[in-house]
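Asks: Below: one structure in structure tokens.
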Amino acid sequence: MRRTKFDQWSQELRDVRDPVELFDSSAQTAVLRLLTMAGKVPFRSAFDGLTLREQAIVRHLLGRQHLRLTAPGTDATAAQFVLAHSALGKLTIHEPARGDLPAEEVVAELALPGWMVEMIDEEWLPAQVEEEHQRRELDQMLHTWHADGSLPERLEEVIDWVERVETVLIFVERRVFSRSDSGSSTLIRDGVLPALRGRPPADWSPEERLFVASIQLLFRTGRAVRFEEFNGRQLNAVSLRKVLTTRCATYLRALDGQATRELSTATLAELATLAGELVELVDGSGHIRYRRINGLTYAKDEYLLPWEGEQRSQVELPPTLRTSVGVRPEPVDGEDAASWVRHATTAALRNVHAGGDERELTGILEGIVLGAVVDSHADYGMSSGIRDLSRLDGPAGRYDEEVAGLKKPDFFCCVLPSPQMAADLPAPAVTDILWQVAQRMMYNRWHFVPGNFDRVEVPRQRHYFFPPLVPDIAEWGDLRHGGHSTSRVRYTLRAPGAAMWKQPFTVGGRQYRGAFDIRLVRMDGPPFTLTDLQTACRYSALVDVFWREIAGYADAHDGWAPAITAFSGDWYTKESWRDAVERLDAAQQAVGGLA
């Protein structure tokens with residue numbers, strides 16, 4: 001019987017809330033267990049999800065091993081603090097005497113001596129005062145927009161932007177601002193943002209004012225994906241300033257002083273604008289941006305990796321490409337992997353154009369995907385794209401009927417298992433996993449295309465997400481996402497193309513990001529590393545060569561492009577995925593093992 005996401009998550013919650021673990025150890029240990037879902041959420045991220053007062057409480061538990069939690073109702077007169085744990089695994093700490101009552105399941109209570117409560121107050125009150133002071137700048141921004149008449153348009157932008165990312169799950173004190181398929185959706189479905197229309201900001205709640213102003217600033221730093229960096233966290237004015245300042249300082253350091261600016265006296269608006277300006281310079285520097293994603297909180301944190309441009313290309317031809325269907329087995333002298341893919345793709349295109357089949361062409365893509373799987377020690381991997389590249393052709397920036405008419409079946413996903421996975425699991429189970437994944441990726445690719453056009457070009461009724469721009473490493477995806485659970489997607493890598501350090505992928509006059517990728521999956525531990533991420537990026541660069549060669553061939557032949565028919569439901573049902581794996585296995589046995 002297939003284990004569902006609900007089954008798996010319910011078990012996780014039971015394990016984390018195990019009374020033996022909560023009540024037979026110190027309050028510090030128990031609270032950290034609840035806070036981090038037994039270590040599945042990084043402490044910093046989980047701590048950032050607490051209110052200012054909750055943070056002060058947790059800080060005062062650290063190191064005090066004599067304190068204990070008690071079961072709910074054990075000693076109601078002594079427990080000033082009530083701990084609740086939500087269905088999403090979020091810890092909240094409540095003080096009923098202050099009118100702060102829990103809305104989620106109560107799992108424990110805590111009594112603290114009066115002197116410790118006084119110390120908590122001493123920490124919390126100045127932090128609250130600082131937050132109130134910082135919010136004045138955001139309130140003034142809203143007042144200015146209201147006075148100049150731009151607020152209605154800015155509110156509509158925020159309403160639209162939150163629809164362009166997979167998940168928004170942001171906390172402002174006890175308020176939840178969310179748009180999520182697997183959690184609550186307060187922003188649009190429950191009407192939080194639409195309810196602000198036509199009302200002056202003075203009539204909005206403080207939390208609503210903070211959210212709208214902050215989202216406007218975050219968008220300036222790099223589109224709506226920036227909102228996801230606050231997922232699972234508290235959004236407040238102090239944290240917003242810290243994030244913007246840190247982002248600018250990090251970018252400036254990576255640029256070695258190419259751009260200088262005084263940050264300590266900058267306004268929030270100035271910091272947001274500067275971050276947006278610097279990010280393009282960083283993408284052209286000796287660093288790459290990448291993100292770490294936590295599947296439990298939906299948090300997506302950006303970091304920089306020093307990595308010079310000449311190190312981002314695959315040099316040696318992977319053994320998996322030497323076994324590709326119908327293409328040259330060995331590179332010529334001095335030919336690197338990218339050149340080999342370029343020449344092999346051109347030869348395969350000529351063959352298809354002359355009436356031959358597509359197996360040589362799709363075999364190249366299979367070899368790239370399988371090479372990424374083997375070199376990263378993944379369980380399976382994939383690369384998705386459009387079946388007929390000419391469908392993306394057209395005037396620059398123009399979203400016409402051809403693009404508007406694209407449907408999910410107009411895209412494909414080549415998903416291949418590692419030789420080990422193919423050997424360990426029954427073939428029907430492998431096929432089931434691969435086809436489920438392929439369908440999801442076909443939908444995603446279709447969903448990303450409109451994000452490459454100006455908003456005014458795309459009809460309002462066409463829902464879409466902004467395409468992924470930077471590589472990412474994700475963990476615990478199977479605990480929240482139903483599709484990931486059934487496909488055993490626990491740890492993942494994604495290297496989208498065209499990479500931000502390359503020119504956009506161009507078809508005719510149109511430019512695209514997120515048009516193709518390399519994605520890798522481990523069904524169990526250990527998690528992927530930065531070395532694995534670099535491997536994925538190098539293989540994604542080979543996919544980039546593959547697609548640019550097809551686009552160049554189309555430009556030179558009156559727009560003709562091959563229609564890729566492989567990787568359909570029938571292709572998976574017939575277990576055609578076996579071919580690439582078996583070719584590799586045969587080659588491996590012939591040479592005594594992969595290099």
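As shown in the structure tokens, the chain order sets the letters A, B, ...; within each chain, residues go from 1, and ligands are also counted from 1 in the order they appear.
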Would you mind writing down, as a PyMOL selection string, each residue of region 257-496 of chain A that DSSP on the backbone assigns to strand (DSSP E)?
Replies: chain A and resi 287-294+300-306+380-386+411-417+472-475+491-496
Asks: Write out as a PyMOL selection string the residues lying within 9 Å of His343 (chain A), counting only C-alpha atoms and excluding same-chain residues fewer than 5 positions away.
Replies: chain A and resi 338+348+549
Asks: Using C-alpha atoms, can you export the residues from the last selection as a PDB file, in the first residue's frame?
Replies:
```pdb
ATOM      1  CA  ALA A 338      30.258  21.174 -24.479  1.00  0.00           C
ATOM      2  CA  ALA A 348      21.385  14.526 -34.928  1.00  0.00           C
ATOM      3  CA  GLU A 549      22.048  24.323 -30.862  1.00  0.00           C
TER       4      GLU A 549
END
```
Asks: Determine which residues of region 256-396 of chain A DSSP labels as alpha helix (DSSP H) from the backbone of this structure, then write them out as an NGL selection string.
Replies: :A and (268-283 or 319-322 or 337-353 or 359-376)
Asks: For region 266-282 of chain A, find every residue with an atom within 6 Å (counting only C-alpha atoms), except residues of its own chain fewer than 4 positions away, and show them as a list in words.
Replies: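 Using only C-alpha atoms, the neighbours found are Leu217, Arg220, Thr221, Gly222, Leu244 and Cys248 of chain A.
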Asks: Using only C-alpha atoms, which residue out of A:Ala202, A:Leu61, A:Leu361, A:Leu584 lies closest to Ser418 (chain A)?
Replies: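 With only C-alpha atoms as the atom set, the closest residue is A:Leu584.
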Asks: Please produce, as a Markdown table, a per-residue contact table for region 460-493 of chain A versus region 499-511 of chain A (criterion: any atom at most 12 Å away, only C-alpha atoms considered), showing the nearest atom pair and its distance in Å to one decimal, sorted by chain then residue number.
Replies:
```
| residue | atom | partner | partner_atom | distance |
| --- | --- | --- | --- | --- |
| A:Pro467 | CA | A:Ala499 | CA | 11.7 |
| A:Pro468 | CA | A:Ala499 | CA | 9.8 |
| A:Leu469 | CA | A:Met500 | CA | 6.5 |
| A:Val470 | CA | A:Met500 | CA | 6.8 |
| A:Pro471 | CA | A:Ala499 | CA | 8.3 |
```
Asks: Export, as an mmCIF file, in the first residue's frame, the selected residues with all heavy atoms.
Replies:
```cif
data_model
loop_
_atom_site.group_PDB
_atom_site.id
_atom_site.type_symbol
_atom_site.label_atom_id
_atom_site.label_comp_id
_atom_site.auth_asym_id
_atom_site.auth_seq_id
_atom_site.Cartn_x
_atom_site.Cartn_y
_atom_site.Cartn_z
ATOM 1 N N PRO A 467 9.510 31.962 -13.376
ATOM 2 C CA PRO A 467 10.401 30.811 -13.568
ATOM 3 C C PRO A 467 11.557 30.843 -12.595
ATOM 4 O O PRO A 467 12.010 31.914 -12.173
ATOM 5 C CB PRO A 467 10.888 30.986 -15.015
ATOM 6 C CG PRO A 467 10.764 32.452 -15.288
ATOM 7 C CD PRO A 467 9.557 32.901 -14.517
ATOM 8 N N PRO A 468 12.063 29.667 -12.215
ATOM 9 C CA PRO A 468 13.233 29.618 -11.321
ATOM 10 C C PRO A 468 14.442 30.197 -12.031
ATOM 11 O O PRO A 468 14.636 29.989 -13.228
ATOM 12 C CB PRO A 468 13.401 28.121 -11.050
ATOM 13 C CG PRO A 468 12.760 27.452 -12.227
ATOM 14 C CD PRO A 468 11.615 28.333 -12.632
ATOM 15 N N LEU A 469 15.263 30.923 -11.279
ATOM 16 C CA LEU A 469 16.422 31.600 -11.869
ATOM 17 C C LEU A 469 17.755 31.069 -11.367
ATOM 18 O O LEU A 469 18.731 31.062 -12.111
ATOM 19 C CB LEU A 469 16.337 33.106 -11.581
ATOM 20 C CG LEU A 469 15.115 33.846 -12.125
ATOM 21 C CD1 LEU A 469 15.196 35.324 -11.750
ATOM 22 C CD2 LEU A 469 14.978 33.673 -13.622
ATOM 23 N N VAL A 470 17.828 30.656 -10.120
ATOM 24 C CA VAL A 470 19.113 30.265 -9.541
ATOM 25 C C VAL A 470 19.043 28.818 -9.054
ATOM 26 O O VAL A 470 17.962 28.303 -8.738
ATOM 27 C CB VAL A 470 19.527 31.203 -8.386
ATOM 28 C CG1 VAL A 470 19.620 32.639 -8.874
ATOM 29 C CG2 VAL A 470 18.559 31.106 -7.213
ATOM 30 N N PRO A 471 20.183 28.143 -8.977
ATOM 31 C CA PRO A 471 20.199 26.762 -8.479
ATOM 32 C C PRO A 471 19.723 26.697 -7.029
ATOM 33 O O PRO A 471 19.835 27.663 -6.278
ATOM 34 C CB PRO A 471 21.678 26.365 -8.596
ATOM 35 C CG PRO A 471 22.309 27.369 -9.497
ATOM 36 C CD PRO A 471 21.532 28.621 -9.349
#
```
Asks: When you look at Ser25 (chain A) with a cut-off of 9 Å (counting only C-alpha atoms), what residues show up, excluding the ones that are within fewer than 2 positions of it in the same chain? I need them as a VMD selection string.
Replies: chain A and resid 20 to 23 27 to 30 65 67 to 69
Asks: Restricting the calculation to only C-alpha atoms: of A:Ile159, A:Leu240, A:Leu321, A:Ala541, which residue gets closest to Ala498 (chain A)?
Replies: A:Ala541
Asks: Considering only C-alpha atoms, state which residue in the set A:Glu54, A:Ala87, A:Glu153, A:Thr250 is at the smallest distance from Glu173 (chain A).
Replies: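 Using only C-alpha atoms, the shortest distance to Glu173 (chain A) belongs to A:Glu54.
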Asks: Taking only C-alpha atoms into account, name the residue in A:Val58, A:Arg241, A:Phe453, A:Glu575 that is nearest to Ala427 (chain A).
Replies: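 Of A:Val58, A:Arg241, A:Phe453, A:Glu575, the one nearest Ala427 (chain A) is A:Glu575, counting only C-alpha atoms.
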Asks: One number please: CA of Leu317 (chain A) to CA of Trp340 (chain A), in Å, one decimal.
Replies: 7.6 Å
Asks: Mind checking which residues fall within 8 Å of Glu109 (chain A), counting only C-alpha atoms, ignoring those fewer than 3 positions away in the same chain, and posting them as a compact mmCIF listing (two decimals) with N, CA and C atoms, in the first residue's frame?
Replies:
```
# COMPACT_ATOMS: atom_id res chain seq x y z
N LEU A 69 8.91 20.85 31.15
CA LEU A 69 7.54 21.02 30.67
C LEU A 69 6.65 20.04 31.42
N THR A 70 5.37 20.35 31.46
CA THR A 70 4.40 19.43 32.04
C THR A 70 3.29 19.18 31.04
N ALA A 71 2.61 18.05 31.20
CA ALA A 71 1.51 17.72 30.30
C ALA A 71 0.37 18.71 30.50
N PRO A 72 -0.43 18.99 29.46
CA PRO A 72 -1.53 19.94 29.58
C PRO A 72 -2.47 19.56 30.73
N GLY A 73 -2.81 20.57 31.56
CA GLY A 73 -3.75 20.36 32.65
C GLY A 73 -3.18 19.75 33.90
N ALA A 79 1.09 27.08 35.72
CA ALA A 79 1.61 27.22 34.35
C ALA A 79 1.20 28.55 33.75
N GLN A 80 2.17 29.48 33.66
CA GLN A 80 1.87 30.76 33.02
C GLN A 80 1.94 30.66 31.50
N PHE A 81 2.64 29.63 30.99
CA PHE A 81 2.88 29.51 29.56
C PHE A 81 2.28 28.21 29.02
N VAL A 82 1.62 28.32 27.89
CA VAL A 82 1.00 27.18 27.23
C VAL A 82 1.65 27.02 25.86
N LEU A 83 2.12 25.81 25.56
CA LEU A 83 2.78 25.55 24.29
C LEU A 83 1.82 24.82 23.35
```
Asks: Excluding same-chain residues fewer than 5 positions from Ser184 (chain A), what lies within 10 Å of it counting only C-alpha atoms, as a ChimeraX atom specification?
Replies: /A:88,168-169,176-179,189-190
Asks: Closest to Glu207 (chain A) among A:Asp139, A:Glu156, A:Glu316, A:Asp357, using only C-alpha atoms?
Replies: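 Answer, going by the shortest atom-to-atom distance: A:Asp139.
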Asks: Given the choices A:Ser86, A:Thr92, A:Thr297, A:Thr265, which gets closest to Lys40 (chain A) if the distance is worked out from only C-alpha atoms?
Replies: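 Answer, going by the shortest atom-to-atom distance: A:Thr297.
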Asks: May I have the residues within 12 Å of region 114-130 of chain A as a PDB file with N, CA, C and O atoms, in the first residue's frame, using only C-alpha atoms and disregarding those fewer than 3 positions away in the same chain?
Replies:
```pdb
ATOM      1  N   THR A  51       7.517  34.957  17.650  1.00  0.00           N
ATOM      2  CA  THR A  51       7.312  36.374  17.928  1.00  0.00           C
ATOM      3  C   THR A  51       8.454  36.883  18.802  1.00  0.00           C
ATOM      4  O   THR A  51       9.226  36.095  19.378  1.00  0.00           O
ATOM      5  N   LEU A  52       8.567  38.193  18.913  1.00  0.00           N
ATOM      6  CA  LEU A  52       9.636  38.764  19.728  1.00  0.00           C
ATOM      7  C   LEU A  52       9.567  38.269  21.168  1.00  0.00           C
ATOM      8  O   LEU A  52      10.595  37.971  21.792  1.00  0.00           O
ATOM      9  N   ARG A  53       8.367  38.156  21.696  1.00  0.00           N
ATOM     10  CA  ARG A  53       8.236  37.696  23.086  1.00  0.00           C
ATOM     11  C   ARG A  53       8.578  36.213  23.190  1.00  0.00           C
ATOM     12  O   ARG A  53       9.248  35.784  24.143  1.00  0.00           O
ATOM     13  N   GLU A  54       8.129  35.423  22.238  1.00  0.00           N
ATOM     14  CA  GLU A  54       8.465  34.002  22.252  1.00  0.00           C
ATOM     15  C   GLU A  54       9.979  33.798  22.170  1.00  0.00           C
ATOM     16  O   GLU A  54      10.528  32.907  22.832  1.00  0.00           O
ATOM     17  N   GLN A  55      10.647  34.604  21.388  1.00  0.00           N
ATOM     18  CA  GLN A  55      12.099  34.496  21.294  1.00  0.00           C
ATOM     19  C   GLN A  55      12.759  34.769  22.642  1.00  0.00           C
ATOM     20  O   GLN A  55      13.708  34.069  23.039  1.00  0.00           O
ATOM     21  N   ALA A  56      12.248  35.766  23.350  1.00  0.00           N
ATOM     22  CA  ALA A  56      12.810  36.067  24.674  1.00  0.00           C
ATOM     23  C   ALA A  56      12.594  34.898  25.638  1.00  0.00           C
ATOM     24  O   ALA A  56      13.477  34.551  26.434  1.00  0.00           O
ATOM     25  N   ILE A  57      11.435  34.248  25.559  1.00  0.00           N
ATOM     26  CA  ILE A  57      11.151  33.099  26.425  1.00  0.00           C
ATOM     27  C   ILE A  57      12.120  31.956  26.130  1.00  0.00           C
ATOM     28  O   ILE A  57      12.720  31.373  27.047  1.00  0.00           O
ATOM     29  N   VAL A  58      12.284  31.634  24.854  1.00  0.00           N
ATOM     30  CA  VAL A  58      13.158  30.511  24.473  1.00  0.00           C
ATOM     31  C   VAL A  58      14.601  30.794  24.875  1.00  0.00           C
ATOM     32  O   VAL A  58      15.303  29.908  25.375  1.00  0.00           O
ATOM     33  N   ARG A  59      15.063  32.025  24.686  1.00  0.00           N
ATOM     34  CA  ARG A  59      16.447  32.354  25.063  1.00  0.00           C
ATOM     35  C   ARG A  59      16.694  32.092  26.543  1.00  0.00           C
ATOM     36  O   ARG A  59      17.784  31.659  26.936  1.00  0.00           O
ATOM     37  N   HIS A  60      15.674  32.334  27.377  1.00  0.00           N
ATOM     38  CA  HIS A  60      15.870  32.153  28.811  1.00  0.00           C
ATOM     39  C   HIS A  60      15.727  30.712  29.252  1.00  0.00           C
ATOM     40  O   HIS A  60      15.997  30.395  30.426  1.00  0.00           O
ATOM     41  N   LEU A  61      15.327  29.821  28.344  1.00  0.00           N
ATOM     42  CA  LEU A  61      15.314  28.398  28.672  1.00  0.00           C
ATOM     43  C   LEU A  61      16.675  27.758  28.430  1.00  0.00           C
ATOM     44  O   LEU A  61      17.001  26.735  29.036  1.00  0.00           O
ATOM     45  N   ARG A  64      19.317  26.121  31.110  1.00  0.00           N
ATOM     46  CA  ARG A  64      18.691  25.874  32.416  1.00  0.00           C
ATOM     47  C   ARG A  64      18.078  24.470  32.402  1.00  0.00           C
ATOM     48  O   ARG A  64      16.897  24.285  32.095  1.00  0.00           O
ATOM     49  N   LEU A  67      14.647  23.097  34.392  1.00  0.00           N
ATOM     50  CA  LEU A  67      13.269  23.420  34.043  1.00  0.00           C
ATOM     51  C   LEU A  67      12.643  22.277  33.255  1.00  0.00           C
ATOM     52  O   LEU A  67      13.298  21.633  32.441  1.00  0.00           O
ATOM     53  N   ALA A  78      -0.145  26.799  38.185  1.00  0.00           N
ATOM     54  CA  ALA A  78       1.259  27.207  38.166  1.00  0.00           C
ATOM     55  C   ALA A  78       1.758  27.558  36.771  1.00  0.00           C
ATOM     56  O   ALA A  78       2.778  28.227  36.625  1.00  0.00           O
ATOM     57  N   ALA A  79       1.094  27.079  35.719  1.00  0.00           N
ATOM     58  CA  ALA A  79       1.609  27.219  34.353  1.00  0.00           C
ATOM     59  C   ALA A  79       1.197  28.551  33.749  1.00  0.00           C
ATOM     60  O   ALA A  79       0.039  28.759  33.408  1.00  0.00           O
ATOM     61  N   GLN A  80       2.170  29.483  33.664  1.00  0.00           N
ATOM     62  CA  GLN A  80       1.868  30.765  33.017  1.00  0.00           C
ATOM     63  C   GLN A  80       1.937  30.659  31.495  1.00  0.00           C
ATOM     64  O   GLN A  80       1.365  31.476  30.788  1.00  0.00           O
ATOM     65  N   PHE A  81       2.636  29.631  30.989  1.00  0.00           N
ATOM     66  CA  PHE A  81       2.876  29.514  29.556  1.00  0.00           C
ATOM     67  C   PHE A  81       2.284  28.210  29.021  1.00  0.00           C
ATOM     68  O   PHE A  81       2.443  27.150  29.635  1.00  0.00           O
ATOM     69  N   GLU A  95       0.393  32.984  26.610  1.00  0.00           N
ATOM     70  CA  GLU A  95       0.236  33.400  28.007  1.00  0.00           C
ATOM     71  C   GLU A  95      -1.231  33.783  28.227  1.00  0.00           C
ATOM     72  O   GLU A  95      -1.625  34.935  28.010  1.00  0.00           O
ATOM     73  N   LEU A 110       4.209  25.237  30.816  1.00  0.00           N
ATOM     74  CA  LEU A 110       5.492  25.612  31.411  1.00  0.00           C
ATOM     75  C   LEU A 110       5.272  26.645  32.504  1.00  0.00           C
ATOM     76  O   LEU A 110       4.590  27.651  32.289  1.00  0.00           O
ATOM     77  N   ALA A 111       5.843  26.388  33.654  1.00  0.00           N
ATOM     78  CA  ALA A 111       5.829  27.345  34.759  1.00  0.00           C
ATOM     79  C   ALA A 111       7.243  27.871  34.964  1.00  0.00           C
ATOM     80  O   ALA A 111       8.209  27.097  34.988  1.00  0.00           O
ATOM     81  N   HIS A 133       9.311  51.634  16.395  1.00  0.00           N
ATOM     82  CA  HIS A 133      10.032  52.760  15.805  1.00  0.00           C
ATOM     83  C   HIS A 133      10.314  52.504  14.322  1.00  0.00           C
ATOM     84  O   HIS A 133      10.124  53.388  13.477  1.00  0.00           O
ATOM     85  N   GLN A 134      10.777  51.303  14.006  1.00  0.00           N
ATOM     86  CA  GLN A 134      11.125  50.987  12.619  1.00  0.00           C
ATOM     87  C   GLN A 134       9.897  50.953  11.709  1.00  0.00           C
ATOM     88  O   GLN A 134       9.981  51.259  10.515  1.00  0.00           O
ATOM     89  N   ARG A 135       8.756  50.595  12.253  1.00  0.00           N
ATOM     90  CA  ARG A 135       7.548  50.511  11.428  1.00  0.00           C
ATOM     91  C   ARG A 135       7.074  51.884  10.946  1.00  0.00           C
ATOM     92  O   ARG A 135       6.325  51.965   9.970  1.00  0.00           O
ATOM     93  N   ARG A 136       7.506  52.925  11.615  1.00  0.00           N
ATOM     94  CA  ARG A 136       7.054  54.261  11.204  1.00  0.00           C
ATOM     95  C   ARG A 136       7.479  54.564   9.769  1.00  0.00           C
ATOM     96  O   ARG A 136       6.764  55.231   9.019  1.00  0.00           O
ATOM     97  N   GLU A 173       3.380  38.629  13.848  1.00  0.00           N
ATOM     98  CA  GLU A 173       2.837  38.318  15.172  1.00  0.00           C
ATOM     99  C   GLU A 173       1.995  37.035  15.065  1.00  0.00           C
ATOM    100  O   GLU A 173       2.477  36.039  14.582  1.00  0.00           O
ATOM    101  N   ASN A 236       8.898  41.383  10.313  1.00  0.00           N
ATOM    102  CA  ASN A 236       8.739  42.631  11.046  1.00  0.00           C
ATOM    103  C   ASN A 236       9.711  43.655  10.474  1.00  0.00           C
ATOM    104  O   ASN A 236      10.573  43.320   9.650  1.00  0.00           O
ATOM    105  N   ALA A 237       9.562  44.884  10.873  1.00  0.00           N
ATOM    106  CA  ALA A 237      10.364  45.954  10.282  1.00  0.00           C
ATOM    107  C   ALA A 237      11.845  45.790  10.607  1.00  0.00           C
ATOM    108  O   ALA A 237      12.706  46.079   9.777  1.00  0.00           O
ATOM    109  N   VAL A 238      12.156  45.320  11.817  1.00  0.00           N
ATOM    110  CA  VAL A 238      13.553  45.138  12.204  1.00  0.00           C
ATOM    111  C   VAL A 238      14.196  44.036  11.362  1.00  0.00           C
ATOM    112  O   VAL A 238      15.312  44.190  10.856  1.00  0.00           O
ATOM    113  N   SER A 239      13.496  42.920  11.203  1.00  0.00           N
ATOM    114  CA  SER A 239      14.055  41.824  10.407  1.00  0.00           C
ATOM    115  C   SER A 239      14.156  42.209   8.941  1.00  0.00           C
ATOM    116  O   SER A 239      15.094  41.797   8.244  1.00  0.00           O
ATOM    117  N   ARG A 241      14.780  45.239   7.712  1.00  0.00           N
ATOM    118  CA  ARG A 241      15.984  46.076   7.561  1.00  0.00           C
ATOM    119  C   ARG A 241      17.244  45.219   7.638  1.00  0.00           C
ATOM    120  O   ARG A 241      18.183  45.419   6.858  1.00  0.00           O
TER     121      ARG A 241
END
```
